[in-house]
Structures are given as C-alpha cells and as structure tokens.
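Student: Below is the structure I would like to discuss, written out as structure tokens.
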Amino acid sequence: MNARSFGTAPVFFTAISTILGAIMFLRFGYAVGHVGLLGTFLIILLGHAVTIPTAMAIAEIATNQRVEGGGEYYIISRTFGVVIGSSIGLALYLSQAISVAFYIMAFTEAFTPAIDWLVVHARLPGWLEWVLRQKQTIGIPALLVLTWVMLTRGAELGVKALYVVVFTLALSLVAFFIGKTEYAETHQIELLNTIYKTEEPVKSLSYRMMDTASISVFQFPFQSETIDPAPPVRDPDRDRLGFFLVFAIIFPAFTGMTAGVGLSGDLKDPGKALPLGTLGATLVGMVIYLFMAWKLAESASPADLANTDQLVMASIAWQGWWVIPLGLAAATISSALGSIMVAPRTLQAIARDHVLPQAQLNRWLSSGRGANSEPYNATLITILIAGAFILLGALDAVAEVISMFFMVTYGTLCLISFLQHFSADPSYRPRFRSRWYFSLFGAVACFALMFAMNAGYALVAIILMIAAYWVLDRSNPDKKSLALLFQGVIFQFSRRLHVFLQSAKKEKTMSWRPAAICLSEHSFERPGAFDLLRWISQRYGFGTYIHHIPGYLSRNTHLEAEADKQRLIDHAEKSGSKIYVDTMVGSSFSSAVSSVIQLPGVAGADNNLILFEFAKHEPEELSELIENFKLIHAVRFDILLLGSCERGFGLHQEIHLWITGSDTENSTLMILLAYIINGHRDWKRARITIHAIAPVQRIEEERLLLAKLIHDGQLPISEHNLKVIARPQDIDTRTLINETSQDADLTVIGFREEAVRRKGADLFTGFDLLGNVLFVGAAEGKEIK
C-alpha cells in the first residue's frame, strides 16, 4: 500500500469502533438502572455537548491546514508551540497507550460465559479455574497478537481487521435491537390491560430471552397477583448521589471520536477525511446510544440493569448468549486496535519535533519502517506500557486519570478553534467552519466537567502536565512559541480596546501615571537609560524604548535596525523588562525626537514623558539634547535627563531628592518617580531621602508642607528622612548637593525651562562627585492623590 493511501472510511471506523466500545456493553445498562431513561438521555446529551464541539473544532482546523502524523498532537503543537503541545501530547499518548490495556482487559470479559460453562461442565480443578479467571491469562496473549499485527503488517492490516470487527459489532447491535424479552411484552400487555380493562391480568413475570437458545434466565416473583407497572422503588439518596458518579463512569464511552485523527499522516486528503469521518462517527454514536438507552429501559427492570455483574444485553439480544460476547470482544479488540494504531504515531510525531530531552531518544522513536514509515520503535514502547498495566490488573483509578487527559485534549482543541475565531487571522480559512460559541462552550465544559467528575484526578492530571512542560521547557530554551496563537488574540483585543478608549468620553482625572518614551543612540554602550525606563514603567505605566540609528533609511540601515532590535528584545527578556522596544533610522537626532513625541500612546493614554541620557564626562552631547527642549515643551511632555557615569546606580540603596524653592512645580513629579522606582524589586531595600533647600525663616514651614504631602499621599517615606536645609551663603547649591549626596545611588534634581534658557548645558554639569543624576523638568504641576 502506498504512503498516504487511506480515505474517510478508516477515520470513521476507527472512531466509531472506539466510541461503541467496552463501556457500551458492560456499563450502559448500569447507567439506565441508576439514573433512569431520562437521566441517561441527559448524560448522553451532556457528554456530546463536549464531544460534538470538539469534533467540529477538529473538522475546522483540519480543513485549514495540512494535518500531518500525530493528529491531535500535531494540531495543538502547531498552534500553541511544540513545548506546550508536547506536554499535552505526552499526556495524550499515555492515555492512548494505557487505553490499550484497558480495552484488552475489557476484552477478557467476553470470555466470562465460556469460562463459567467450563467450570460447571468440565469440572476444572480449582487452580486452573483461578488461572482462567485472571485477566492476564487472556489479556497478555491478546496483546501479543496485536503486537504481531502492528509490527509485521502495520496499519494496512490493522485497517483491514478494523472492517471485520466493525461488521461484528454491527451484527451484535442488530441482534440487540431485534431481541425481545417477556419483561417488555409484559409491559405491553399491562398497557393493553389498562386500555381495554381486561379481567385477566398477568400474574407472574419470567425475565427470559424470547429465543429458547438463550441461557440467561432471571426470575422476579411478585407478592400480589396484579403487577405494578412502576419500576421498583429505590433509595432516593442513592438517586441524588448517582448522576455525576454515573456520568464519570459512562463518559469515556463518548470519547473515541478523535481516534481517527491519529491516522492523519496516512490519509490522502486529511482536510476531507477528518471532518467527515470524525463528525459522522460522533453523530452516529450519539444516535445509537440514545436508542440503546430506550431499548434497555424497555427490555429490563432497573434492578437488573443496575447489576454491574451481569451482561444484561445478552439477555435481551437475539441469540444473545453468543452474539453479545462476540460483539463485546469485537468492540474491545477494535478499540484496542484503534488505540494501538494511533498511540505510536503520536509518540513518533513528538519525537520528530526533537522536543524530548535526549537527542538519541528522539532519533530512535522517530524512525519508521517501510514506505509508510511505520512507527516500529514507538509501537514497542506502547506495547510495553500496555503490558505493564495489564499485569497490574486494577485500572479503575488509572482510567479516571486517562479520562482527565482526554478532557484536557478536547478542551484544548475547542480553545484553539475559539481563539482562531477571535484572532480573525486572514490566513485561517477553513473549508468547514464551526461557530465560536460552540467552541467556547466545549472548552469551558471540558475543564468544568473534569472537576465535576473527580477534582482530585483533575488536579493530578494538571500537575503531571505542568511537570512535563517544566522539563521540556528547560530542555528546549529555543522553542518559545506560545505567542504564535495568542499574538493574534492580543492584537484583536488591543485593537478593540484602543478604539473603545479613544471613542469613550472619559472625565479628565488629575491622577498621573507615566507613559514614557526613551530615545537613545547609546543603548548598548550605556544601558542606564534602559534600566531607568524599565523601573519607571514596571507596573504603574508603560515604557517605549527607541534606539536611534543615525543615517538615511536604506536596505543596510534597515538590516542594522532589525539586528539591533533583536538585541534589545533579548536584553529585555533577560532582564524581565515589561517595556516595548524598537529602532528608528533618522537623518538627525532632532528629526527622531520630532517623530517619537508623535507616537501614539497605549492603553488609551497618550505619552506624557520623554527620557534622554548623556554621559557626564562627555557634556558636549548636552547641546544637541537641549536644542529639542522647546519642541518637547510645545507638546507638554515632562522631560527626564539622565546623567550617567561609570558608577552607574551603585548598590540601589539610596535615592536622594533635591527640592529647592525655585523648582517647587517639579517636587511632586520627583517624589512620584522616586516612589515608583522604589517599588521595583531592584530597589526594594532603597531609602528615599528628601533634601529641601529653603530660606532660614521658612525652614519649619517647608518641613511641615513636605510632611503633609507625604502623609496625604501615603508615600513610604519616613519623616526622619526629610532634611530641610537653610539656603547656604558661602557655597553654591551645586557644591552642597555634591557634598551631601556623593554616596547616593541615584540623585534626583529638578530644573525649570527658564533656567535652561538662561544657563544652557551648564545647568546639568558640575555634579562630578555624584553617581547617576536624574534631572526632572515637569511640564505642569502634578498632584499626589
């Protein structure tokens, strides 16, 4: 068989054979017996409220992109990135591999009638009876046969065998639906008695197959000669507690619809075969389950249906003594066959993405044999896992964890579909379209039902996947691709938010937050401005860092800008910065300033602050910066000018603010900036000290005003750190600042526009004894609220 030779039928039959599996035969009557016909209908509809949106999501995604080997893993990993995709994919693979063991052990239940007959008629010794009743006695040979099928003939023989078991499954269902019981006929007679008021009511009930070949006979005596048509009364507390418990047991019966997706790498046209096969199997399975619930409720009493030790379907079906066990065997072996075809392909696809920690392991698991690249090595691992769980025996607890992994997978697929709808990506053009509200409902329902079914196992499943993500993330530092999908969602959310905030009529508020822009040509030689911007914009505002490249825009300068931008992004990620970085090519610094002050703001706030930087030992840079102050004041921007030196920001322990009588309009902005910087983790142990210079006669008044400002603004500044100093007579203010703050890690000094016009660059020089100095020029007074 040539590569990629499968059509829609293998997808449909793989899915339907997994849907109509062991639980249908062994536990579906249990559901009807405990919650009744209407309760079972509700379970079926609730379960398919999850599976149908998932099937629609798969159909949608599959018709938009080429779904390669790995099926669900391929879809998730190509959307959320291979690290997160592999974390979910490994959980999915384990659930598929352990499902092989689950179905094999259920397969052994089909031999229970034969073993019972042998025990009675062949008079087997006790030790042999014990051996025969162990599930491993039949389970291990069955697993070995499946291993031989998959390793020697691969998916080709598996698909051919699938047709045989599906035919047997269909035969057992037909036999079940045409079967009759005296229980059903008695109720029909009772109905006729009620309608026609006959005088000879039925006096006893023998619950027996109408076909004399049946071996199942159950007697139900009644104490009165008339029959109450109502079912036997059960404990009401049992009914109240039963619904979600029963739902947790039955739900795995609906979870096989994605089994065929694992064949995606072997399909001629996945975009056609996956939607038709998956949706078709899901809907056909739902219809069959609805009719089965009705047939079971009509044909047997609730007491017998609730008895988990009896294969009640065998007592209802035509020739049920052999057809139903054969159907159970066909259903379980086909489910095991479907899982054993799909699970190795999931593991092979994960290994081919080179995401596992060991390179040798990736190569070994990803290798295949034959023209179809059959996952030989991955199949061996799958068989070993399944065999181990068969030998362990009890699978009830593990089966619930498996259900959790399947629920996470289905919820993720629905979430992908919803996010693709919301992101409105023009490249997302599926031939089949679901509806966003179906996908959203499916995602929410999956994660909610996980905790409704079993909160403990839900937490275990989530913790295991988080642990897998942590390991894979550490071993794949270069594969950070979660934003592949979310960038579209964030784009749409940001676009709508900006439009809303721009169009909304908001009352003007006096509270202030920084929306800062930094423009620098020396980003990599002097990173002080970058650090200051990230401290200012950490959580209270937003920062945009622009690296200026002198020159004219050309191919070479564009490539240089892209390379520098990537360096800045890497630096921002390593430092944990929450700022936006970019580059700008401009013929002059003044033209760059003119451009950046016109950049639109974010989060509905216009930019209101610009940050420049110069080296204190190269004061000639100041002239070019000062030339642009007039332009910046025209747009009412606050100006920050950082004078940097080799000391940098020192130990991040001391912040000194200098407030003089001539720059009181800057005092509030200076205090706010110091408070914001002090809130960053790099400055969490810093102490803010305010030095205020005032005339001698106003020292106490100035101290009280500053104390009130700090108290009313609830700023973390102790009154002991308020230093009100008399204006010196024998030395200038600059010398006082140098002497007092020479050990400070950051010194903040205010300046006024008229002082800049009068003194020019000299206003910012002469502070050689200090570390980094931040000069603050407020466009207008701020209020601390």
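By convention here, the chains of the structure tokens are called A, B, ... in the order presented, each chain's residues are numbered starting at 1, and ligands are numbered starting at 1 in the order presented.
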Give me, as a PDB file with N, CA, C and O atoms, in the first residue's frame, all polymer residues having an atom no more than 8 Å from range 762-771 of chain A, counting only C-alpha atoms and skipping those fewer than 5 positions away in the same chain.
Tutor:
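After the write, around-v1.pdb holds the following:
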```pdb
ATOM      1  N   LYS A 616      28.182  62.017  31.693  1.00  0.00           N
ATOM      2  CA  LYS A 616      28.639  63.214  32.408  1.00  0.00           C
ATOM      3  C   LYS A 616      30.049  63.620  32.004  1.00  0.00           C
ATOM      4  O   LYS A 616      30.408  64.800  32.083  1.00  0.00           O
ATOM      5  N   PRO A 619      30.047  66.171  28.167  1.00  0.00           N
ATOM      6  CA  PRO A 619      28.957  67.156  28.234  1.00  0.00           C
ATOM      7  C   PRO A 619      28.603  67.780  26.892  1.00  0.00           C
ATOM      8  O   PRO A 619      27.558  68.427  26.774  1.00  0.00           O
ATOM      9  N   SER A 644      24.713  59.922  33.230  1.00  0.00           N
ATOM     10  CA  SER A 644      25.254  58.640  33.679  1.00  0.00           C
ATOM     11  C   SER A 644      26.762  58.693  33.791  1.00  0.00           C
ATOM     12  O   SER A 644      27.435  59.505  33.135  1.00  0.00           O
ATOM     13  N   CYS A 645      27.291  57.819  34.627  1.00  0.00           N
ATOM     14  CA  CYS A 645      28.727  57.732  34.839  1.00  0.00           C
ATOM     15  C   CYS A 645      29.112  56.276  35.062  1.00  0.00           C
ATOM     16  O   CYS A 645      28.249  55.388  35.058  1.00  0.00           O
ATOM     17  N   GLU A 646      30.381  56.029  35.288  1.00  0.00           N
ATOM     18  CA  GLU A 646      30.853  54.655  35.452  1.00  0.00           C
ATOM     19  C   GLU A 646      30.301  54.007  36.719  1.00  0.00           C
ATOM     20  O   GLU A 646      30.148  52.784  36.767  1.00  0.00           O
ATOM     21  N   ARG A 647      30.002  54.789  37.725  1.00  0.00           N
ATOM     22  CA  ARG A 647      29.432  54.219  38.962  1.00  0.00           C
ATOM     23  C   ARG A 647      28.057  53.631  38.725  1.00  0.00           C
ATOM     24  O   ARG A 647      27.610  52.742  39.469  1.00  0.00           O
ATOM     25  N   GLY A 648      27.374  54.123  37.731  1.00  0.00           N
ATOM     26  CA  GLY A 648      26.030  53.647  37.463  1.00  0.00           C
ATOM     27  C   GLY A 648      25.088  53.943  38.611  1.00  0.00           C
ATOM     28  O   GLY A 648      25.138  55.009  39.232  1.00  0.00           O
ATOM     29  N   PHE A 649      24.239  52.956  38.928  1.00  0.00           N
ATOM     30  CA  PHE A 649      23.253  53.132  40.005  1.00  0.00           C
ATOM     31  C   PHE A 649      23.711  52.485  41.306  1.00  0.00           C
ATOM     32  O   PHE A 649      22.906  52.292  42.221  1.00  0.00           O
ATOM     33  N   GLY A 650      25.012  52.172  41.379  1.00  0.00           N
ATOM     34  CA  GLY A 650      25.583  51.693  42.627  1.00  0.00           C
ATOM     35  C   GLY A 650      24.914  50.453  43.179  1.00  0.00           C
ATOM     36  O   GLY A 650      24.662  49.482  42.472  1.00  0.00           O
ATOM     37  N   ARG A 734      25.070  73.714  44.061  1.00  0.00           N
ATOM     38  CA  ARG A 734      25.686  72.568  43.392  1.00  0.00           C
ATOM     39  C   ARG A 734      26.724  71.902  44.284  1.00  0.00           C
ATOM     40  O   ARG A 734      26.785  70.671  44.385  1.00  0.00           O
ATOM     41  N   ASN A 738      26.719  68.064  45.851  1.00  0.00           N
ATOM     42  CA  ASN A 738      27.854  67.155  45.662  1.00  0.00           C
ATOM     43  C   ASN A 738      28.352  66.595  46.983  1.00  0.00           C
ATOM     44  O   ASN A 738      28.643  65.398  47.098  1.00  0.00           O
ATOM     45  N   GLU A 739      28.434  67.458  47.993  1.00  0.00           N
ATOM     46  CA  GLU A 739      28.968  67.018  49.278  1.00  0.00           C
ATOM     47  C   GLU A 739      27.985  66.125  50.028  1.00  0.00           C
ATOM     48  O   GLU A 739      28.381  65.159  50.691  1.00  0.00           O
ATOM     49  N   SER A 741      25.256  64.308  48.764  1.00  0.00           N
ATOM     50  CA  SER A 741      24.728  63.112  48.086  1.00  0.00           C
ATOM     51  C   SER A 741      25.784  62.329  47.323  1.00  0.00           C
ATOM     52  O   SER A 741      25.455  61.556  46.430  1.00  0.00           O
ATOM     53  N   GLN A 742      27.039  62.487  47.685  1.00  0.00           N
ATOM     54  CA  GLN A 742      28.077  61.798  46.925  1.00  0.00           C
ATOM     55  C   GLN A 742      28.011  60.277  47.092  1.00  0.00           C
ATOM     56  O   GLN A 742      28.521  59.531  46.257  1.00  0.00           O
ATOM     57  N   ASP A 743      27.368  59.795  48.151  1.00  0.00           N
ATOM     58  CA  ASP A 743      27.234  58.351  48.344  1.00  0.00           C
ATOM     59  C   ASP A 743      25.873  57.818  47.886  1.00  0.00           C
ATOM     60  O   ASP A 743      25.592  56.619  48.032  1.00  0.00           O
ATOM     61  N   ALA A 744      25.016  58.670  47.381  1.00  0.00           N
ATOM     62  CA  ALA A 744      23.692  58.229  46.905  1.00  0.00           C
ATOM     63  C   ALA A 744      23.833  57.418  45.615  1.00  0.00           C
ATOM     64  O   ALA A 744      24.736  57.655  44.802  1.00  0.00           O
ATOM     65  N   ASP A 745      22.942  56.476  45.434  1.00  0.00           N
ATOM     66  CA  ASP A 745      22.963  55.653  44.210  1.00  0.00           C
ATOM     67  C   ASP A 745      22.193  56.321  43.072  1.00  0.00           C
ATOM     68  O   ASP A 745      22.443  56.029  41.910  1.00  0.00           O
ATOM     69  N   LEU A 746      21.263  57.179  43.420  1.00  0.00           N
ATOM     70  CA  LEU A 746      20.547  57.971  42.423  1.00  0.00           C
ATOM     71  C   LEU A 746      20.181  59.304  43.062  1.00  0.00           C
ATOM     72  O   LEU A 746      19.574  59.340  44.136  1.00  0.00           O
ATOM     73  N   THR A 747      20.558  60.375  42.395  1.00  0.00           N
ATOM     74  CA  THR A 747      20.223  61.715  42.865  1.00  0.00           C
ATOM     75  C   THR A 747      19.260  62.349  41.870  1.00  0.00           C
ATOM     76  O   THR A 747      19.517  62.333  40.659  1.00  0.00           O
ATOM     77  N   ALA A 755      15.388  78.344  33.391  1.00  0.00           N
ATOM     78  CA  ALA A 755      16.771  78.141  33.812  1.00  0.00           C
ATOM     79  C   ALA A 755      17.598  77.526  32.693  1.00  0.00           C
ATOM     80  O   ALA A 755      18.784  77.858  32.528  1.00  0.00           O
ATOM     81  N   VAL A 756      16.983  76.659  31.911  1.00  0.00           N
ATOM     82  CA  VAL A 756      17.686  76.061  30.770  1.00  0.00           C
ATOM     83  C   VAL A 756      17.992  77.135  29.736  1.00  0.00           C
ATOM     84  O   VAL A 756      19.097  77.169  29.155  1.00  0.00           O
TER      85      VAL A 756
END
```
Student: Do you know which residues are at most 12 Å from Lys684 in chain A counting only C-alpha atoms, after dropping those on the same chain fewer than 2 positions away, and could you put them as a PyMOL selection string?
Tutor: chain A and resi 535+651-655+674-682+686-688+716
Student: My list of candidates is A:Ala22, A:Val32, A:Leu722, A:Val342. Which is closest to Glu109 in chain A when distances are computed with only C-alpha atoms?
Tutor: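 Smallest distance to Glu109 in chain A is found for A:Ala22.
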Student: Do a neighbour search on range 352-358 of chain A at 9 Å with only C-alpha atoms, toss out local chain neighbours closer than 5 positions, and write the hits as a list of chain:residue names.
Tutor: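 Selected residues are A:Val82, A:Val83, A:Ser86, A:Leu347, A:Arg363, A:Leu365, A:Ser366, A:Ser367, A:Val471, A:Leu472, A:Asp473, A:Arg474, A:Ser475, A:Asn476, A:Lys479.
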Student: Write out as a list of chain:residue names which residues come within 8 Å of Ser301 in chain A when counting only C-alpha atoms, dropping same-chain ones fewer than 3 positions away.
Tutor: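 With the cut-off at 8 Å, the set is A:Gly33, A:Tyr183, A:Pro231, A:Ala297, A:Asp304, A:Leu305.
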Student: Report, in Å to a single decimal, how far apart CA of Cys518 in chain A and CA of Gly541 in chain A are.
Tutor: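 Computing it gives 13.5 Å between the two atoms.
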Student: Which residue gives the smallest distance to Ile639 in chain A among A:Gly750, A:Gly777, A:Pro141, A:Gly456, with only C-alpha atoms counted?
Tutor: A:Gly777
